[in-house]
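S.K.: upload-v9.cif (mmCIF, C-alpha atoms) pasted underneath:
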```
data_target
loop_
_atom_site.label_atom_id
_atom_site.label_comp_id
_atom_site.auth_asym_id
_atom_site.auth_seq_id
_atom_site.Cartn_x
_atom_site.Cartn_y
_atom_site.Cartn_z
CA MET P 269 -70.94 22.16 19.25
CA ASN P 270 -72.37 19.30 17.30
CA THR P 271 -70.54 18.04 14.29
CA TYR P 272 -72.58 16.85 11.41
CA VAL P 273 -71.22 14.39 8.88
CA THR P 274 -72.96 14.12 5.58
CA GLU P 275 -72.81 10.72 3.95
CA PRO P 276 -72.47 10.38 0.20
CA GLU P 277 -75.73 10.58 -1.62
CA ASP P 278 -75.57 7.01 -2.85
CA ALA P 279 -74.99 5.76 0.67
CA GLN P 280 -77.86 7.80 1.97
CA GLN P 281 -80.14 6.47 -0.69
CA THR P 282 -79.20 2.84 -0.38
CA GLY P 283 -78.39 2.69 3.33
CA LEU P 284 -75.38 0.48 2.54
CA PRO P 285 -72.07 0.72 4.42
CA HIS P 286 -68.90 2.18 2.82
CA PRO P 287 -67.52 -0.06 0.08
CA PRO P 288 -64.33 -2.02 0.92
CA PRO P 289 -60.99 -0.79 -0.56
CA ARG P 290 -60.42 -1.82 -4.12
CA PRO P 291 -58.05 -4.79 -4.68
CA ARG P 292 -55.60 -2.61 -6.66
CA ARG P 293 -55.22 -0.18 -3.77
CA ARG P 294 -54.59 -3.06 -1.38
CA TRP P 295 -51.87 -4.39 -3.70
CA LEU P 296 -50.22 -0.96 -3.88
CA ARG P 297 -50.14 -0.73 -0.11
CA TRP P 298 -48.50 -4.14 0.20
CA ALA P 299 -45.99 -3.23 -2.54
CA ALA P 300 -45.08 -0.01 -0.75
CA LEU P 301 -44.64 -1.89 2.52
CA GLY P 302 -42.49 -4.53 0.81
CA ALA P 303 -40.33 -1.88 -0.83
CA SER P 304 -39.86 -0.13 2.49
CA LEU P 305 -38.81 -3.36 4.16
CA ALA P 306 -36.41 -4.12 1.28
CA VAL P 307 -34.82 -0.69 1.63
CA LEU P 308 -34.45 -1.17 5.36
CA ALA P 309 -33.00 -4.64 4.89
CA ALA P 310 -30.56 -3.41 2.25
CA GLY P 311 -29.56 -0.52 4.44
CA GLY P 312 -29.09 -2.85 7.38
CA ALA P 313 -27.02 -5.27 5.31
CA ALA P 314 -24.90 -2.41 3.98
CA TRP P 315 -24.36 -1.18 7.53
CA VAL P 316 -23.29 -4.67 8.65
CA LEU P 317 -20.85 -4.99 5.72
CA TYR P 318 -19.48 -1.50 6.35
CA ASN P 319 -18.90 -2.25 10.03
CA ARG P 320 -17.20 -5.52 9.13
CA LEU P 321 -14.81 -3.86 6.69
CA ASP P 322 -14.14 -0.96 9.03
CA GLY P 323 -13.56 -3.37 11.91
CA ASN P 324 -11.06 -5.41 9.89
CA ILE P 325 -8.44 -2.66 10.11
CA ARG P 326 -6.18 -2.93 13.12
CA THR P 327 -4.96 0.29 14.75
CA ASP P 328 -1.31 0.64 15.70
CA VAL P 329 -1.94 2.43 18.98
CA GLU P 330 1.46 1.53 20.41
CA ALA P 331 3.34 3.21 17.54
CA ALA P 332 1.16 6.31 17.81
CA ASP P 333 1.89 6.61 21.54
CA GLN P 334 5.64 6.22 21.01
CA LEU P 335 5.75 8.76 18.20
CA ARG P 336 3.99 11.30 20.42
CA ARG P 337 6.68 10.79 23.07
CA PHE P 338 9.42 11.63 20.58
CA ASP P 339 7.53 14.28 18.62
CA ARG P 340 10.04 17.04 19.40
CA GLU P 341 12.82 15.01 17.80
CA ARG P 342 10.90 14.38 14.58
CA PRO P 343 11.28 16.57 11.47
CA ALA P 344 8.56 19.11 10.75
CA ALA P 345 6.34 18.78 7.70
CA VAL P 346 7.42 21.20 4.98
CA VAL P 347 4.47 20.94 2.57
CA HIS P 348 1.43 20.06 4.65
CA GLU P 349 -0.84 19.10 1.74
CA ALA P 350 1.66 16.49 0.54
CA LYS P 351 1.57 13.10 2.24
CA ASN P 352 4.38 10.69 3.06
CA ILE P 353 3.24 7.17 3.91
CA LEU P 354 5.59 4.41 5.02
CA LEU P 355 4.52 0.99 3.70
CA ILE P 356 5.98 -1.81 5.82
CA GLY P 357 5.95 -5.48 4.87
CA SER P 358 6.39 -7.44 8.08
CA ASP P 359 8.07 -10.86 8.12
CA ASP P 360 6.11 -11.87 11.21
CA ARG P 361 5.92 -15.69 11.28
CA SER P 362 3.41 -16.16 14.06
CA GLY P 363 -0.16 -17.41 13.55
CA ASP P 364 -1.11 -18.04 9.92
CA ASN P 365 2.33 -16.84 8.81
CA GLY P 366 4.04 -19.76 10.57
CA ARG P 367 4.31 -21.84 7.40
CA TYR P 368 6.90 -19.35 6.10
CA GLY P 369 9.42 -20.19 8.78
CA ARG P 370 10.01 -20.64 12.49
CA ASP P 371 8.56 -18.04 14.86
CA SER P 372 11.54 -16.76 16.81
CA GLY P 373 9.47 -14.17 18.66
CA THR P 374 10.90 -11.29 16.63
CA GLN P 375 9.90 -9.48 13.47
CA ARG P 376 11.84 -7.51 10.88
CA SER P 377 10.65 -5.31 8.05
CA ASP P 378 10.99 -7.48 4.96
CA THR P 379 9.96 -4.54 2.74
CA ALA P 380 9.85 -0.79 3.33
CA ILE P 381 8.64 1.76 0.77
CA LEU P 382 8.29 5.47 1.47
CA LEU P 383 5.35 6.60 -0.68
CA HIS P 384 5.23 10.34 -1.43
CA LEU P 385 1.94 11.81 -2.71
CA SER P 386 2.34 15.30 -4.16
CA ALA P 387 0.26 18.10 -2.67
CA ASP P 388 -1.86 18.42 -5.83
CA ARG P 389 -2.14 14.60 -6.08
CA SER P 390 -0.79 14.71 -9.64
CA SER P 391 2.08 12.31 -8.95
CA ALA P 392 3.24 9.59 -6.58
CA THR P 393 6.78 8.38 -5.91
CA GLY P 394 7.59 5.18 -4.03
CA VAL P 395 11.15 4.90 -2.70
CA SER P 396 12.35 1.47 -1.58
CA ILE P 397 14.72 1.38 1.39
CA PRO P 398 16.99 -1.70 1.27
CA ARG P 399 16.71 -3.87 4.36
CA ASP P 400 20.51 -4.22 4.40
CA LEU P 401 21.16 -0.47 4.30
CA MET P 402 23.43 0.60 7.18
CA VAL P 403 21.67 3.34 9.17
CA ASP P 404 21.61 5.02 12.57
CA ILE P 405 18.78 3.47 14.59
CA PRO P 406 17.73 5.76 17.46
CA GLU P 407 17.02 4.76 21.05
CA CYS P 408 13.73 2.88 20.90
CA PRO P 409 11.40 1.38 23.50
CA GLY P 410 11.16 -2.35 22.83
CA PRO P 411 8.11 -4.62 22.87
CA ASP P 412 9.23 -6.09 26.22
CA GLY P 413 9.25 -2.68 27.93
CA THR P 414 13.02 -2.21 27.84
CA THR P 415 14.73 0.55 25.87
CA ALA P 416 17.14 -0.40 23.11
CA ARG P 417 20.17 1.87 22.93
CA PRO P 418 21.06 3.74 19.71
CA LEU P 419 22.77 1.51 17.19
CA PHE P 420 24.41 1.71 13.78
CA ALA P 421 23.07 -1.38 12.01
CA GLN P 422 21.18 -2.62 9.00
CA PHE P 423 17.82 -0.97 8.47
CA ASN P 424 15.50 -3.91 9.08
CA TRP P 425 16.77 -4.25 12.64
CA ALA P 426 14.77 -1.13 13.56
CA TYR P 427 11.47 -3.01 13.29
CA GLU P 428 12.75 -5.86 15.45
CA ARG P 429 14.00 -3.47 18.12
CA GLY P 430 11.03 -1.14 18.36
CA GLY P 431 8.32 -1.97 15.83
CA ALA P 432 6.78 0.53 13.45
CA ALA P 433 7.57 3.58 15.60
CA CYS P 434 11.29 2.79 15.64
CA THR P 435 11.24 2.14 11.88
CA ILE P 436 9.48 5.44 11.24
CA ARG P 437 11.95 7.41 13.36
CA THR P 438 14.85 5.66 11.61
CA VAL P 439 13.44 6.66 8.21
CA GLU P 440 12.90 10.22 9.39
CA ASN P 441 16.47 10.44 10.71
CA LEU P 442 17.76 9.05 7.42
CA THR P 443 15.72 11.26 5.08
CA GLY P 444 14.68 14.33 7.05
CA ILE P 445 11.13 13.65 5.78
CA ARG P 446 8.18 13.65 8.17
CA VAL P 447 6.23 10.39 7.90
CA ASP P 448 2.53 11.29 8.08
CA HIS P 449 1.07 7.78 8.09
CA HIS P 450 2.13 4.15 8.04
CA LEU P 451 0.56 0.90 6.90
CA ILE P 452 1.78 -2.59 7.83
CA VAL P 453 0.97 -5.65 5.70
CA ASP P 454 1.96 -9.19 6.72
CA PHE P 455 2.49 -12.30 4.58
CA THR P 456 -1.06 -13.63 4.86
CA GLY P 457 -2.59 -10.25 4.07
CA PHE P 458 -0.53 -9.93 0.90
CA GLU P 459 -1.62 -13.41 -0.23
CA ASN P 460 -5.29 -12.65 0.37
CA LEU P 461 -5.12 -9.42 -1.62
CA VAL P 462 -3.58 -11.10 -4.67
CA ASP P 463 -6.15 -13.90 -4.52
CA ALA P 464 -8.98 -11.36 -4.21
CA VAL P 465 -8.04 -9.73 -7.53
CA GLY P 466 -7.81 -13.09 -9.27
CA GLY P 467 -4.03 -13.33 -9.36
CA VAL P 468 -1.44 -11.09 -11.01
CA GLU P 469 0.30 -11.73 -14.32
CA VAL P 470 4.10 -11.62 -14.65
CA CYS P 471 6.50 -12.72 -17.37
CA LEU P 472 9.63 -14.77 -16.73
CA ALA P 473 12.57 -15.14 -19.09
CA GLU P 474 13.66 -18.37 -17.41
CA PRO P 475 12.23 -20.97 -15.00
CA VAL P 476 12.32 -20.30 -11.27
CA ASN P 477 13.06 -22.87 -8.57
CA ASP P 478 13.52 -21.48 -5.07
CA PRO P 479 12.64 -24.00 -2.31
CA GLU P 480 13.20 -21.41 0.43
CA ALA P 481 10.54 -19.15 -1.11
CA HIS P 482 8.22 -22.12 -1.88
CA LEU P 483 8.35 -21.08 -5.53
CA VAL P 484 8.57 -23.18 -8.70
CA LEU P 485 7.55 -21.48 -11.97
CA ASP P 486 7.97 -22.10 -15.68
CA ALA P 487 9.38 -19.50 -18.05
CA GLY P 488 6.98 -17.22 -19.92
CA PRO P 489 3.71 -15.54 -18.93
CA GLN P 490 2.42 -16.65 -15.54
CA ARG P 491 -0.63 -15.66 -13.51
CA LEU P 492 0.44 -15.97 -9.90
CA ASP P 493 -1.94 -16.73 -7.07
CA GLY P 494 -1.38 -15.28 -3.61
CA GLU P 495 1.13 -17.83 -2.32
CA GLN P 496 3.11 -17.80 -5.57
CA ALA P 497 3.12 -13.99 -5.62
CA LEU P 498 4.49 -13.87 -2.09
CA GLY P 499 7.33 -16.20 -3.03
CA TYR P 500 7.94 -14.19 -6.19
CA VAL P 501 8.44 -10.85 -4.45
CA ARG P 502 10.50 -12.39 -1.63
CA ALA P 503 12.72 -14.77 -3.62
CA ARG P 504 16.42 -14.06 -4.04
CA LYS P 505 18.47 -17.23 -4.57
CA GLY P 506 16.36 -18.94 -7.21
CA ILE P 507 15.61 -16.03 -9.54
CA GLY P 508 17.75 -13.57 -11.49
CA ASP P 509 21.20 -12.89 -10.09
CA GLY P 510 20.12 -13.50 -6.49
CA SER P 511 20.60 -9.88 -5.48
CA ASP P 512 18.48 -7.76 -3.17
CA THR P 513 18.54 -5.18 -5.96
CA GLN P 514 16.53 -7.40 -8.29
CA ARG P 515 14.26 -8.44 -5.43
CA MET P 516 13.32 -4.79 -4.83
CA GLU P 517 12.82 -4.27 -8.55
CA ARG P 518 10.41 -7.20 -8.64
CA GLN P 519 8.51 -5.76 -5.70
CA GLN P 520 8.21 -2.37 -7.38
CA GLU P 521 7.14 -3.83 -10.73
CA PHE P 522 4.69 -6.22 -9.09
CA LEU P 523 3.00 -3.40 -7.16
CA SER P 524 2.74 -1.34 -10.35
CA THR P 525 1.15 -4.27 -12.17
CA LEU P 526 -1.23 -4.98 -9.29
CA LEU P 527 -2.43 -1.38 -9.09
CA ARG P 528 -2.84 -1.15 -12.85
CA GLN P 529 -4.78 -4.43 -12.95
CA VAL P 530 -7.19 -3.36 -10.21
CA ARG P 531 -7.95 -0.18 -12.11
CA ASP P 532 -8.09 -1.61 -15.65
CA ASP P 533 -10.14 -4.72 -14.80
CA GLY P 534 -12.98 -2.64 -13.38
CA LEU P 535 -12.78 -4.32 -9.98
CA LEU P 536 -13.62 -1.05 -8.28
CA THR P 537 -16.92 -0.65 -10.17
CA ASP P 538 -18.34 -4.15 -9.54
CA PRO P 539 -19.94 -4.16 -6.05
CA ALA P 540 -19.29 -7.87 -5.41
CA GLU P 541 -15.70 -7.73 -6.62
CA LEU P 542 -15.11 -4.46 -4.80
CA TYR P 543 -16.26 -6.00 -1.53
CA ARG P 544 -13.89 -8.96 -1.96
CA VAL P 545 -10.98 -6.63 -2.63
CA LEU P 546 -11.87 -4.33 0.27
CA ASP P 547 -12.28 -7.29 2.62
CA ALA P 548 -8.84 -8.60 1.66
CA VAL P 549 -7.21 -5.17 1.90
CA THR P 550 -8.73 -4.17 5.23
CA SER P 551 -8.07 -7.60 6.76
CA SER P 552 -4.39 -7.30 5.93
CA LEU P 553 -3.79 -3.82 7.30
CA THR P 554 -2.47 -2.41 10.53
CA ALA P 555 -2.62 1.36 10.31
CA ASP P 556 -1.93 4.45 12.36
CA PRO P 557 -4.98 6.23 13.87
CA GLY P 558 -5.12 8.57 10.87
CA LEU P 559 -5.72 5.74 8.36
CA ASP P 560 -7.53 3.11 10.39
CA SER P 561 -11.05 3.62 9.04
CA LEU P 562 -12.81 3.24 5.69
CA PRO P 563 -13.59 6.96 5.30
CA GLU P 564 -9.94 7.88 5.87
CA LEU P 565 -8.69 5.25 3.43
CA TYR P 566 -11.33 6.34 0.90
CA ASP P 567 -10.24 9.96 1.12
CA LEU P 568 -6.66 8.87 0.48
CA VAL P 569 -7.52 6.62 -2.48
CA SER P 570 -10.04 9.01 -4.06
CA GLY P 571 -7.34 11.67 -4.26
CA VAL P 572 -5.09 9.52 -6.43
CA ARG P 573 -7.45 7.24 -8.40
CA ASP P 574 -7.34 9.48 -11.49
CA MET P 575 -3.57 9.91 -11.38
CA PRO P 576 -1.97 9.13 -14.79
CA ALA P 577 -0.07 5.85 -14.78
CA GLU P 578 3.12 7.53 -16.00
CA ARG P 579 3.08 9.77 -12.93
CA VAL P 580 3.32 6.80 -10.54
CA ARG P 581 6.96 5.84 -10.12
CA PHE P 582 8.99 3.46 -7.99
CA MET P 583 12.70 3.76 -7.32
CA THR P 584 15.37 2.75 -4.82
CA VAL P 585 17.51 5.06 -2.71
CA PRO P 586 20.96 5.73 -4.22
CA ARG P 587 23.21 3.19 -2.55
CA GLN P 588 26.37 1.15 -3.01
CA PRO P 589 28.18 -1.67 -1.16
CA TYR P 590 29.05 -0.70 2.39
CA THR P 591 32.75 0.12 2.78
CA TYR P 592 33.35 -2.40 5.57
CA ASP P 593 31.01 -5.18 4.43
CA PRO P 594 30.14 -5.71 0.75
CA ASN P 595 27.03 -7.67 1.83
CA ARG P 596 25.54 -4.48 3.27
CA ASP P 597 24.59 -1.16 1.64
CA GLU P 598 25.37 2.49 2.28
CA LEU P 599 23.94 5.67 0.76
CA VAL P 600 25.68 7.43 -2.10
CA GLN P 601 26.06 11.12 -1.36
CA PRO P 602 25.16 13.77 -2.28
CA ASP P 603 22.70 11.89 -4.52
CA ALA P 604 20.63 10.49 -1.65
CA ASP P 605 20.30 13.84 0.11
CA LEU P 606 19.26 15.52 -3.15
CA LEU P 607 16.55 12.91 -3.66
CA PHE P 608 15.31 13.29 -0.07
CA ALA P 609 15.28 17.10 -0.40
CA ALA P 610 13.16 16.87 -3.56
CA LEU P 611 10.59 14.69 -1.83
CA ARG P 612 10.66 16.75 1.36
CA ASP P 613 10.01 19.97 -0.58
CA ASP P 614 7.45 18.29 -2.87
CA ARG P 615 9.51 18.95 -5.99
CA PRO P 616 9.37 16.63 -9.02
CA VAL P 617 12.01 13.94 -9.27
CA PRO P 618 13.23 13.43 -12.86
CA ALA P 619 12.99 9.88 -14.20
CA GLU P 620 16.45 8.35 -14.21
CA GLY P 621 17.80 4.85 -14.33
CA GLY P 622 14.73 3.34 -15.95
CA GLY P 623 14.83 4.82 -19.45
CA GLU P 624 16.92 6.65 -21.99
CA PRO P 625 20.03 8.67 -21.11
CA GLY P 626 19.21 11.94 -19.49
CA GLY P 627 16.43 10.50 -17.34
CA ARG P 628 13.75 10.04 -20.00
CA PRO P 629 11.58 6.95 -19.63
CA ALA P 630 11.92 4.67 -22.62
CA GLY P 631 9.36 5.48 -25.26
CA ASP P 632 7.65 8.31 -23.37
CA SER P 633 9.00 11.83 -23.51
CA SER P 634 5.93 13.27 -21.81
CA ALA P 635 6.55 11.40 -18.58
CA VAL P 636 9.60 13.43 -17.59
CA PRO P 637 8.75 15.89 -14.81
CA SER P 638 10.61 19.16 -14.85
CA ALA P 639 12.83 20.02 -11.90
CA GLU P 640 15.65 22.29 -10.93
CA PRO P 641 19.11 20.71 -11.05
CA SER P 642 19.25 20.46 -7.28
CA ALA P 643 15.96 18.62 -7.02
CA ALA P 644 17.19 15.18 -7.95
CA PRO P 645 20.15 12.84 -7.85
CA SER P 646 22.94 13.86 -10.19
CA ALA P 647 22.63 12.28 -13.61
CA GLY P 648 25.17 9.74 -14.71
CA ALA P 649 26.37 8.87 -11.24
CA GLY P 650 25.64 5.19 -11.71
CA VAL P 651 23.91 2.57 -13.84
CA PRO P 652 20.42 1.17 -13.53
CA ALA P 653 20.35 -1.96 -11.41
CA SER P 654 18.57 -3.71 -14.28
CA ALA P 655 21.20 -2.79 -16.87
CA PRO P 656 23.44 -5.53 -18.31
CA GLY P 657 26.43 -6.09 -16.13
CA ALA P 658 24.93 -4.48 -13.05
CA GLY P 659 25.73 -7.06 -10.37
CA ALA P 660 24.24 -7.53 -6.96
CA ARG P 661 26.68 -5.24 -5.20
CA GLU P 662 27.43 -2.70 -7.90
CA PRO P 663 26.87 0.95 -6.95
CA SER P 664 23.35 2.08 -7.73
CA THR P 665 22.90 5.80 -7.48
CA ALA P 666 19.97 6.32 -9.81
CA PRO P 667 16.33 5.34 -9.32
CA THR P 668 15.69 1.77 -10.42
CA GLY P 669 12.76 0.55 -12.42
CA SER P 670 10.73 2.37 -15.03
CA PRO P 671 7.62 4.41 -14.31
CA SER P 672 4.45 2.42 -13.96
CA GLY P 673 2.87 1.89 -17.32
CA SER P 674 5.93 2.65 -19.43
CA PRO P 675 7.29 0.09 -21.84
CA SER P 676 9.66 -2.32 -20.20
CA GLY P 677 11.32 -3.71 -23.31
CA SER P 678 11.90 -7.39 -23.75
CA PRO P 679 10.79 -9.67 -20.93
CA SER P 680 13.34 -10.32 -18.23
CA ALA P 681 13.24 -12.09 -14.91
CA GLY P 682 10.81 -10.09 -12.86
CA SER P 683 9.26 -8.06 -15.71
CA PRO P 684 5.46 -7.81 -15.67
CA CYS P 685 3.65 -8.98 -18.78
CA GLY P 686 2.54 -6.12 -20.96
#
```
Could you take the file, read its structure, and then write that structure out as structure tokens?

M.R.:
Amino acid sequence: MNTYVTEPEDAQQTGLPHPPPRPRRRWLRWAALGASLAVLAAGGAAWVLYNRLDGNIRTDVEAADQLRRFDRERPAAVVHEAKNILLIGSDDRSGDNGRYGRDSGTQRSDTAILLHLSADRSSATGVSIPRDLMVDIPECPGPDGTTARPLFAQFNWAYERGGAACTIRTVENLTGIRVDHHLIVDFTGFENLVDAVGGVEVCLAEPVNDPEAHLVLDAGPQRLDGEQALGYVRARKGIGDGSDTQRMERQQEFLSTLLRQVRDDGLLTDPAELYRVLDAVTSSLTADPGLDSLPELYDLVSGVRDMPAERVRFMTVPRQPYTYDPNRDELVQPDADLLFAALRDDRPVPAEGGGEPGGRPAGDSSAVPSAEPSAAPSAGAGVPASAPGAGAREPSTAPTGSPSGSPSGSPSAGSPCG
């Protein structure tokens, strides 16, 4: 079959070839090509940045393997939708951390906070565990391949003897709470995070001079950079009464201020600032296999980003000076077990120790969660660690520190600026 093509009438009449494309059409084609290349380049750049951030996070494979070996000994999760995350601040002094002291080849957990996220993500409770708390440390495989026998010792020895896995099992034995995830942050990572958000503001009632913590500060409002912030949360001898109690309070208040600043300053909505923060955060983290990727961390953060500030609380386990050594701590019972039971069963913990009598946060009656009497430490069992006359080794059986965002009264050593 022959195919006939009829030329336009004007072409037939003139005998001229087809006219060339108009200049405007040529420009549109080049614009479309340029836009396509720009989209591809942007997508490629985004993919490179994503892979870099995702690759920053180190996975704690060794801890995961050890926890699987001892899974039958671990407590079962009671409320599966709730999450319990152990935050560990390592005092590792190798590598970039060497300027903070001699590397003896061992590490201890300088800070440990058990963070409980309620099943409906309406509240979060961070419970500090004193490093000097006397606890039963289980048999733990050590980093050199040997097995360390069970030991009754201060809490931070668990990390030295068996790393994160041993610390997690010690916390689980102490509290009866299943630890779902853990995150480890070292000195350098903490510094980088504070620097990435532009420093954090605190308010000091008196000057600070602590050579051991590399910290010299004037009284009054101060915006601390990363190195200063690290000294601030670690210092004991040159600030306040020198107690571990006040050190933990400063850590709790500093974290509350840091989280509030990140949210209020809009850092999470500015792409450039967000990348700097994410780069600092991911570079500082060692996580279990359930939190070692950006999507997993995003799912965790997205569930709590709209949580009201007054529903984020930090406290310390009820404890008092150890009977046989006043420089160590022991739990106060039954207060500690009542607190652990409330967290384990995902029941609200009333605000105590940081506000008015009866557990009400100062100046905020709406921030008091309701709970059955058995859901929390007994009221009136002790005094807040920050109350006048509460010394370094006085019994402390109530949560310390006020809920994040609540008024803190007049500035004191370690109080964040309002």

S.K.: Expand the PyMOL selection byres ((chain P and resi 480-493) around 6) into the explicit residue set it covers here, and present it as a PDB file with C-alpha atoms, in the coordinates of the input.

M.R.:
```pdb
ATOM      1  CA  ASP P 463      -6.150 -13.900  -4.520  1.00  0.00           C
ATOM      2  CA  GLY P 467      -4.030 -13.330  -9.360  1.00  0.00           C
ATOM      3  CA  VAL P 468      -1.440 -11.090 -11.010  1.00  0.00           C
ATOM      4  CA  GLU P 469       0.300 -11.730 -14.320  1.00  0.00           C
ATOM      5  CA  VAL P 470       4.100 -11.620 -14.650  1.00  0.00           C
ATOM      6  CA  CYS P 471       6.500 -12.720 -17.370  1.00  0.00           C
ATOM      7  CA  LEU P 472       9.630 -14.770 -16.730  1.00  0.00           C
ATOM      8  CA  ALA P 473      12.570 -15.140 -19.090  1.00  0.00           C
ATOM      9  CA  GLU P 474      13.660 -18.370 -17.410  1.00  0.00           C
ATOM     10  CA  PRO P 475      12.230 -20.970 -15.000  1.00  0.00           C
ATOM     11  CA  VAL P 476      12.320 -20.300 -11.270  1.00  0.00           C
ATOM     12  CA  ASN P 477      13.060 -22.870  -8.570  1.00  0.00           C
ATOM     13  CA  ASP P 478      13.520 -21.480  -5.070  1.00  0.00           C
ATOM     14  CA  PRO P 479      12.640 -24.000  -2.310  1.00  0.00           C
ATOM     15  CA  GLY P 494      -1.380 -15.280  -3.610  1.00  0.00           C
ATOM     16  CA  GLU P 495       1.130 -17.830  -2.320  1.00  0.00           C
ATOM     17  CA  GLN P 496       3.110 -17.800  -5.570  1.00  0.00           C
ATOM     18  CA  ALA P 497       3.120 -13.990  -5.620  1.00  0.00           C
ATOM     19  CA  GLY P 499       7.330 -16.200  -3.030  1.00  0.00           C
ATOM     20  CA  ALA P 503      12.720 -14.770  -3.620  1.00  0.00           C
TER      21      ALA P 503
END
```

S.K.: Around (15.7, 10.8, 12.3) in the file's own coordinates, what residues are found within 9 Å if you use all atoms listed in the file, given back as a PyMOL selection string?

M.R.: chain P and resi 341-343+404-406+436-445

S.K.: Residues picked by the PyMOL selection byres ((chain P and resi 322) around 12) here, as a PyMOL selection string?

M.R.: chain P and resi 314-321+323-327+543+546-551+553-555+559-566

S.K.: What's the separation between atom CA of P:Gly413 and atom CA of P:Ala331, in Å to one decimal place?

M.R.: 13.3 Å

S.K.: Which of these, P:Leu523, P:Met583, P:Leu498, P:Leu335, has the shortest distance to P:Asp556 once you count all atoms listed in the file?

M.R.: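 Looking at the shortest contact to P:Asp556, the residue is P:Leu335.
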
S.K.: With the PyMOL selection byres ((chain P and resi 569-577) around 10) as the selection, what would be picked from this file? Answer as an MDAnalysis selection string, please.

M.R.: chainID P and resid 385:386 388:392 524 527:528 531 563:568 578:581 635 671:674

S.K.: Can you list, as a ChimeraX atom specification, every protein, DNA or RNA residue that comes within 9 Å of stretch 424-435 of chain P when you count only C-alpha atoms, leaving out same-chain residues fewer than 6 positions away?

M.R.: /P:328,330-335,356,358,374-380,398-401,405-411,415-416,450,452
